[in-house]
Structures are given as structure tokens and as C-alpha cells.
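Structure data (compact mmCIF, C-alpha atoms) from upload_21.txt:
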# COMPACT_ATOMS: atom_id res chain seq x y z
CA MET A 7 94.39 122.68 111.90
CA ILE A 8 96.98 119.89 111.89
CA ASP A 9 99.70 120.59 114.45
CA ALA A 10 103.34 119.74 113.63
CA GLN A 11 103.42 117.64 116.83
CA ASP A 12 100.70 115.43 115.32
CA ILE A 13 102.95 114.51 112.39
CA THR A 14 105.73 111.91 112.33
CA GLY A 15 108.36 112.35 109.63
CA LEU A 16 109.76 109.31 107.82
CA ILE A 17 113.01 109.41 105.85
CA LEU A 18 112.95 106.80 103.09
CA ALA A 19 116.43 105.27 102.86
CA GLY A 20 115.45 101.69 102.03
CA GLY A 21 116.15 101.72 98.29
CA ARG A 22 118.74 99.64 96.46
CA GLY A 23 120.61 102.62 95.01
CA SER A 24 120.92 100.71 91.75
CA ARG A 25 121.41 103.84 89.63
CA MET A 26 124.26 104.85 91.94
CA GLY A 27 126.06 101.53 91.55
CA GLY A 28 124.24 99.78 94.39
CA VAL A 29 125.58 102.03 97.15
CA ASP A 30 123.45 103.06 100.12
CA LYS A 31 122.31 106.46 98.86
CA GLY A 32 121.39 107.87 102.25
CA LEU A 33 124.95 107.39 103.52
CA GLN A 34 126.64 109.10 100.54
CA ASN A 35 128.62 112.13 101.61
CA LEU A 36 127.29 115.59 100.73
CA ASN A 37 129.27 118.54 102.09
CA GLY A 38 130.69 116.43 104.93
CA LEU A 39 127.42 114.79 106.06
CA PRO A 40 125.51 111.73 104.86
CA MET A 41 122.64 112.69 102.55
CA ALA A 42 120.06 111.18 104.91
CA MET A 43 121.42 113.38 107.73
CA HIS A 44 120.75 116.46 105.60
CA ALA A 45 117.18 115.22 105.16
CA LEU A 46 116.87 114.57 108.91
CA LEU A 47 118.12 118.05 109.85
CA ARG A 48 115.69 119.60 107.38
CA LEU A 49 112.71 117.49 108.45
CA GLN A 50 113.14 117.53 112.23
CA PRO A 51 112.01 121.16 112.82
CA GLN A 52 108.89 120.53 110.70
CA VAL A 53 107.45 117.53 112.62
CA GLY A 54 106.92 116.10 116.10
CA ALA A 55 109.03 112.93 115.66
CA VAL A 56 111.24 111.36 113.01
CA LEU A 57 111.79 107.75 111.90
CA ILE A 58 114.13 106.33 109.26
CA ASN A 59 113.26 103.45 106.92
CA ALA A 60 116.45 101.59 105.94
CA ASN A 61 117.27 98.03 104.93
CA ARG A 62 121.08 98.09 105.08
CA ASN A 63 123.71 99.59 107.38
CA LEU A 64 121.15 99.91 110.17
CA ALA A 65 123.78 100.75 112.80
CA ALA A 66 124.98 103.71 110.71
CA TYR A 67 121.44 105.07 110.52
CA GLU A 68 120.79 104.36 114.21
CA SER A 69 123.78 106.60 114.99
CA PHE A 70 121.65 109.53 113.75
CA GLY A 71 119.72 109.23 117.03
CA VAL A 72 116.23 108.40 115.74
CA PRO A 73 114.43 105.03 115.43
CA VAL A 74 115.26 102.99 112.31
CA TRP A 75 112.83 100.46 110.82
CA PRO A 76 113.43 98.13 107.86
CA ASP A 77 110.77 97.33 105.26
CA ALA A 78 107.80 95.44 106.62
CA LEU A 79 107.75 93.19 103.55
CA PRO A 80 110.53 90.95 102.19
CA ASP A 81 112.00 91.70 98.75
CA PHE A 82 109.61 94.55 98.20
CA PRO A 83 111.49 97.16 96.23
CA GLY A 84 109.86 100.52 96.34
CA PRO A 85 108.65 103.34 98.51
CA LEU A 86 105.33 101.74 99.48
CA ALA A 87 107.22 99.21 101.63
CA GLY A 88 108.79 102.18 103.40
CA PHE A 89 105.40 103.88 103.75
CA MET A 90 104.12 100.70 105.39
CA ALA A 91 107.05 100.45 107.82
CA GLY A 92 106.47 104.09 108.77
CA LEU A 93 102.70 103.67 109.24
CA GLU A 94 103.25 100.57 111.40
CA HIS A 95 105.49 102.52 113.78
CA CYS A 96 103.82 105.92 113.59
CA GLU A 97 102.37 107.05 116.95
CA THR A 98 100.82 110.29 115.66
CA PRO A 99 97.66 110.84 113.57
CA TRP A 100 99.72 111.77 110.49
CA LEU A 101 102.87 110.52 108.72
CA VAL A 102 104.90 112.48 106.17
CA THR A 103 107.54 110.82 103.99
CA VAL A 104 110.63 112.32 102.37
CA PRO A 105 113.30 110.47 100.36
CA CYS A 106 116.89 110.46 101.64
CA ASP A 107 118.27 111.65 98.30
CA THR A 108 116.52 115.05 98.11
CA PRO A 109 118.32 117.10 100.76
CA ARG A 110 116.99 120.52 99.70
CA PHE A 111 113.23 119.96 99.96
CA PRO A 112 111.33 123.08 101.14
CA ALA A 113 111.64 124.12 104.78
CA ASP A 114 107.86 124.76 104.80
CA LEU A 115 106.98 121.48 103.03
CA VAL A 116 105.13 119.84 105.92
CA ALA A 117 103.26 122.98 107.03
CA ARG A 118 101.97 123.58 103.52
CA LEU A 119 100.93 119.95 102.97
CA ALA A 120 99.20 119.89 106.37
CA ALA A 121 97.33 123.16 105.72
CA ALA A 122 96.11 121.88 102.34
CA ALA A 123 95.04 118.48 103.73
CA ASP A 124 93.17 120.20 106.56
CA GLU A 125 91.41 122.65 104.24
CA ALA A 126 90.43 119.95 101.72
CA GLY A 127 89.48 117.35 104.34
CA ALA A 128 91.89 115.04 102.52
CA ASP A 129 93.53 111.82 103.73
CA VAL A 130 96.67 112.45 101.65
CA ALA A 131 98.51 115.58 100.49
CA LEU A 132 101.46 115.69 98.09
CA PRO A 133 103.44 118.38 96.27
CA ILE A 134 103.13 119.17 92.60
CA THR A 135 105.76 121.17 90.69
CA GLU A 136 106.16 122.24 87.10
CA GLU A 137 108.97 120.81 85.01
CA ASP A 138 109.43 121.89 81.38
CA GLY A 139 105.94 123.37 81.45
CA ARG A 140 104.34 120.10 82.60
CA PRO A 141 102.89 119.35 86.03
CA GLN A 142 104.99 116.85 87.95
CA VAL A 143 103.56 115.19 91.05
CA GLN A 144 106.14 114.34 93.75
CA PRO A 145 104.50 111.27 95.36
CA VAL A 146 107.41 110.22 97.61
CA PHE A 147 106.85 113.47 99.54
CA CYS A 148 103.55 112.33 100.98
CA LEU A 149 101.55 113.44 104.00
CA MET A 150 99.04 110.73 104.91
CA LYS A 151 96.71 109.80 107.73
CA ALA A 152 98.18 107.04 109.90
CA SER A 153 94.81 105.28 109.69
CA LEU A 154 95.57 104.39 106.04
CA LEU A 155 97.78 101.47 107.14
CA GLU A 156 95.02 98.90 106.64
CA SER A 157 94.32 100.19 103.12
CA LEU A 158 98.02 100.01 102.22
CA VAL A 159 98.39 96.47 103.59
CA ARG A 160 95.43 95.40 101.45
CA PHE A 161 96.74 97.19 98.34
CA THR A 162 100.22 95.65 98.55
CA SER A 163 98.92 92.18 99.44
CA GLU A 164 96.93 92.30 96.19
CA GLY A 165 100.18 93.01 94.31
CA GLY A 166 99.89 96.81 94.17
CA ARG A 167 103.24 98.58 93.76
CA LYS A 168 102.53 102.08 92.41
CA ILE A 169 102.23 104.96 94.86
CA ASP A 170 99.95 107.02 92.61
CA ARG A 171 97.52 104.14 92.18
CA TRP A 172 97.25 103.68 95.94
CA ILE A 173 96.90 107.40 96.59
CA GLY A 174 94.21 107.53 93.91
CA GLN A 175 92.00 105.34 96.11
CA HIS A 176 91.87 108.06 98.77
CA ARG A 177 90.79 111.67 99.06
CA HIS A 178 93.96 113.54 98.18
CA VAL A 179 95.06 117.06 97.42
CA GLU A 180 97.98 118.19 95.25
CA VAL A 181 99.80 121.23 96.61
CA PRO A 182 101.63 123.50 94.13
CA PHE A 183 105.28 124.33 94.91
CA ASP A 184 107.07 126.86 92.67
CA ASP A 185 110.64 125.69 93.27
CA ALA A 186 110.98 122.44 91.30
CA GLU A 187 114.74 122.47 91.99
CA ALA A 188 114.04 121.95 95.72
CA PHE A 189 112.76 118.47 94.78
CA PHE A 190 115.87 117.55 92.78
CA ASN A 191 117.02 114.09 93.83
CA ALA A 192 120.45 112.55 93.48
CA ASN A 193 120.09 109.25 91.61
CA THR A 194 123.68 109.14 90.36
CA LEU A 195 127.06 110.25 91.66
CA ALA A 196 126.97 113.06 89.06
CA ASP A 197 123.67 114.24 90.55
CA LEU A 198 125.26 114.19 93.98
CA ARG A 199 128.06 116.46 92.76
CA ARG A 200 125.44 118.82 91.31
CA LEU A 201 124.01 119.28 94.83
CA GLU A 202 127.36 120.44 96.18
CA PRO A 203 127.75 124.23 96.34
Take the structure in this file and express it as C-alpha cells.
Amino acid sequence: MIDAQDITGLILAGGRGSRMGGVDKGLQNLNGLPMAMHALLRLQPQVGAVLINANRNLAAYESFGVPVWPDALPDFPGPLAGFMAGLEHCETPWLVTVPCDTPRFPADLVARLAAAADEAGADVALPITEEDGRPQVQPVFCLMKASLLESLVRFTSEGGRKIDRWIGQHRHVEVPFDDAEAFFNANTLADLRRLEP
């Protein structure tokens, strides 16, 4: 069994927010709190420690009270740079990632991913939902062994950019989640308004 204390949570807030006009998505206000703070409050009870990956407004993120690490690679747009920053600073056997713009992800997300990884003997576990009758993998919600850092460094140094291609190199398990809406992410200001009650 994988204990919650053996998992570090990483909030991915390093994106450019280009579809939201270039704003820092994690700091956009949702019901009086920055979106990344919603993610933090939801993730904290599920893991042993939390880190934030951000590339701008570091002081604002540091005020959340957890360590903040920028991308390990220069000009590397995309979640894998965040994964790498998290793996480099992860002090537990496992790392789980969640994006800053999906504040309603399941409260049992990490426990279910960990149980599935343990049962399957997998190195990576990620959720899969159904959208319009089609399976939809949610690769930015990713539980991975911290020992995969070397593999990720090699993959990105060879020009790899796609999460699914990297995950495909490792033993992984897809974990079904019924509530696709829980994985709804706010890419635009209109999306953000949709998340408000």
C-alpha cells in the first residue's frame, strides 16, 4: 500500500495562460481565493507535502506557505517541465501533479490513483473519464514514482514534449473516474465564471 505521507503533491502553475490573455491563471480569483489556492486546499489533505511549480509572480505563490519551484528548463512550455521541477525537489517516493486551473478535482483523487498503482505494480497512474461517450485520459493529473526523474530528463533532452508519449514508456495504469466535470479546467475567463457557484 502507498501511504499518503509517501506522496508529494505538485500544483502546476507554470503555464503562460495564453488562452486567458496571458494572465497568471493560478492567481485568478475564484470565489475570493486564487485558483491555485483552491487546488492547494484540495490537495493538501490527500498528500504528505505540497510544492508549487510557477514561473511568474513567485512571491505571490510563496505567500501560500509551501515551497515554490520554477521550471527546471528554460523556455520549455508545457507540463513536463513542471513534472521535472517537481521530481527534482520531491523528497518522497511518489509525486502527484494537479493543474492550478482545475479547482474541483476529486477529494479522493490521490488515494484512488495510489491504490491502482499499487495493485498494478505501475510506475505511473492517471485518471480516465468519459466525455461525449469517448474515453478521455487526464494526463496532467499524474501519480508517478520519483525515480522516473532520470527517464524524464532523457526524454526531454531528446526533444520530447508530449506527456502521453513519456508515460507510454513506463508501466502505467488508467483509473476510471465517473465525474468528468470534476476535471473541468478554466482555460478562459468565461470558463472561470462557469466554476463560480
Computed interatomic separation between CA of Leu101 (chain A) and CA of Asn193 (chain A) (Å):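 Straight-line distance from CA of Leu101 (chain A) to CA of Asn193 (chain A) works out to 24.3 Å.
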Contacts of region 33-39 of chain A within 8 Å, only C-alpha atoms, excl. fewer than 6 positions in-chain, as an MDAnalysis selection string: chainID A and resid 198 201:202
Grab the residues selected above and save them as an mmCIF file, in the coordinates of the input with C-alpha atoms.
data_model
loop_
_atom_site.group_PDB
_atom_site.id
_atom_site.type_symbol
_atom_site.label_atom_id
_atom_site.label_comp_id
_atom_site.auth_asym_id
_atom_site.auth_seq_id
_atom_site.Cartn_x
_atom_site.Cartn_y
_atom_site.Cartn_z
ATOM 1 C CA LEU A 198 125.260 114.190 93.980
ATOM 2 C CA LEU A 201 124.010 119.280 94.830
ATOM 3 C CA GLU A 202 127.360 120.440 96.180
#
Polymer residues at most 9 Å from Leu64 (chain A), all atoms listed in the file, same-chain spacing of 6 or more positions, as a PyMOL selection string: chain A and resi 74-76
Shortest interatomic distance to Leu115 (chain A) - which of A:Thr98, A:Asn63, A:Gln144, A:Thr162, counting all atoms listed in the file: A:Gln144
Proximity to Asp184 (chain A) - best of A:Gly166, A:Pro141, A:Glu94, A:Ser157, only C-alpha atoms: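 Under the stated criterion, the closest residue is A:Pro141.
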So that I can check the surroundings of Pro182 (chain A), please list as a CSV table (one decimal) with C-alpha atoms, keeping the file's coordinate frame every protein, DNA and RNA residue that reaches within 6 Å of it, counting all atoms listed in the file and ignoring chain neighbours fewer than 5 positions away.
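out-v1.csv was written with the following content:
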chain,number,residue,atom,x,y,z
A,133,PRO,CA,103.4,118.4,96.3
A,134,ILE,CA,103.1,119.2,92.6
A,135,THR,CA,105.8,121.2,90.7
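Of the listed residues A:Ile169, A:Ala10, A:Ala188, A:Val29, the one whose atoms come nearest to Leu86 (chain A) is A:Ile169, with distances taken using only C-alpha atoms.
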Expected residue set, 12 Å radius at (105.2, 124.4, 103.3), only C-alpha atoms, as a ChimeraX atom specification: /A:10,49,52-53,111-123,131-133,147,149,181-185,188
Store the residues picked out above in a file with C-alpha atoms, as a PDB file, in the coordinates of the input.
ATOM      1  CA  ALA A  10     103.340 119.740 113.630  1.00  0.00           C
ATOM      2  CA  LEU A  49     112.710 117.490 108.450  1.00  0.00           C
ATOM      3  CA  GLN A  52     108.890 120.530 110.700  1.00  0.00           C
ATOM      4  CA  VAL A  53     107.450 117.530 112.620  1.00  0.00           C
ATOM      5  CA  PHE A 111     113.230 119.960  99.960  1.00  0.00           C
ATOM      6  CA  PRO A 112     111.330 123.080 101.140  1.00  0.00           C
ATOM      7  CA  ALA A 113     111.640 124.120 104.780  1.00  0.00           C
ATOM      8  CA  ASP A 114     107.860 124.760 104.800  1.00  0.00           C
ATOM      9  CA  LEU A 115     106.980 121.480 103.030  1.00  0.00           C
ATOM     10  CA  VAL A 116     105.130 119.840 105.920  1.00  0.00           C
ATOM     11  CA  ALA A 117     103.260 122.980 107.030  1.00  0.00           C
ATOM     12  CA  ARG A 118     101.970 123.580 103.520  1.00  0.00           C
ATOM     13  CA  LEU A 119     100.930 119.950 102.970  1.00  0.00           C
ATOM     14  CA  ALA A 120      99.200 119.890 106.370  1.00  0.00           C
ATOM     15  CA  ALA A 121      97.330 123.160 105.720  1.00  0.00           C
ATOM     16  CA  ALA A 122      96.110 121.880 102.340  1.00  0.00           C
ATOM     17  CA  ALA A 123      95.040 118.480 103.730  1.00  0.00           C
ATOM     18  CA  ALA A 131      98.510 115.580 100.490  1.00  0.00           C
ATOM     19  CA  LEU A 132     101.460 115.690  98.090  1.00  0.00           C
ATOM     20  CA  PRO A 133     103.440 118.380  96.270  1.00  0.00           C
ATOM     21  CA  PHE A 147     106.850 113.470  99.540  1.00  0.00           C
ATOM     22  CA  LEU A 149     101.550 113.440 104.000  1.00  0.00           C
ATOM     23  CA  VAL A 181      99.800 121.230  96.610  1.00  0.00           C
ATOM     24  CA  PRO A 182     101.630 123.500  94.130  1.00  0.00           C
ATOM     25  CA  PHE A 183     105.280 124.330  94.910  1.00  0.00           C
ATOM     26  CA  ASP A 184     107.070 126.860  92.670  1.00  0.00           C
ATOM     27  CA  ASP A 185     110.640 125.690  93.270  1.00  0.00           C
ATOM     28  CA  ALA A 188     114.040 121.950  95.720  1.00  0.00           C
TER      29      ALA A 188
END
Interatomic distance, CA of Leu47 (chain A) to CA of Ser24 (chain A) (Å, one decimal):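 Calculated distance between CA of Leu47 (chain A) and CA of Ser24 (chain A) is 25.2 Å.
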From A:Trp172, A:Ala45, A:Pro109, A:Ala192, residue lying nearest Arg160 (chain A) [all atoms listed in the file]: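 For Arg160 (chain A), the nearest of the candidates is A:Trp172.
Nearest residue to Cys106 (chain A), choosing from A:Leu16, A:His176, A:Phe161, A:Arg25 and counting only C-alpha atoms: A:Leu16.
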Please provide the set of residues having any atom within 10 Å of Gly23 (chain A), restricted to only C-alpha atoms, with same-chain residues fewer than 3 positions apart removed, written as a PDB file with C-alpha atoms, keeping the file's coordinate frame.
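Below you can see part01.pdb, which holds the result:
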ATOM      1  CA  ALA A  19     116.430 105.270 102.860  1.00  0.00           C
ATOM      2  CA  GLY A  20     115.450 101.690 102.030  1.00  0.00           C
ATOM      3  CA  MET A  26     124.260 104.850  91.940  1.00  0.00           C
ATOM      4  CA  GLY A  27     126.060 101.530  91.550  1.00  0.00           C
ATOM      5  CA  GLY A  28     124.240  99.780  94.390  1.00  0.00           C
ATOM      6  CA  VAL A  29     125.580 102.030  97.150  1.00  0.00           C
ATOM      7  CA  ASP A  30     123.450 103.060 100.120  1.00  0.00           C
ATOM      8  CA  LYS A  31     122.310 106.460  98.860  1.00  0.00           C
ATOM      9  CA  GLY A  32     121.390 107.870 102.250  1.00  0.00           C
ATOM     10  CA  ASP A 107     118.270 111.650  98.300  1.00  0.00           C
ATOM     11  CA  ASN A 193     120.090 109.250  91.610  1.00  0.00           C
ATOM     12  CA  THR A 194     123.680 109.140  90.360  1.00  0.00           C
TER      13      THR A 194
END
Nearest candidate to Val179 (chain A) (options A:Glu125, A:Glu136, A:Glu97, A:Glu68; using only C-alpha atoms):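 Among the listed residues, A:Glu125 lies closest to Val179 (chain A).
When CA of Phe189 (chain A) is paired with CA of Met7 (chain A), their separation reads 25.5 Å.
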Nearby residues, (113.8, 101.3, 116.1) file frame, 12 Å, all atoms listed in the file, as an MDAnalysis selection string: chainID A and resid 56:60 64:65 67:77 91:92 94:96
Padding 5 Å on each side, edges along x, y and z: where is the centre of the box around the listed atoms of region 88-91 of chain A, and how long are its edges in Å to one decimal? Output it as AutoDock Vina command-line options.
--center_x 106.5 --center_y 102.2 --center_z 105.6 --size_x 14.7 --size_y 13.4 --size_z 14.4
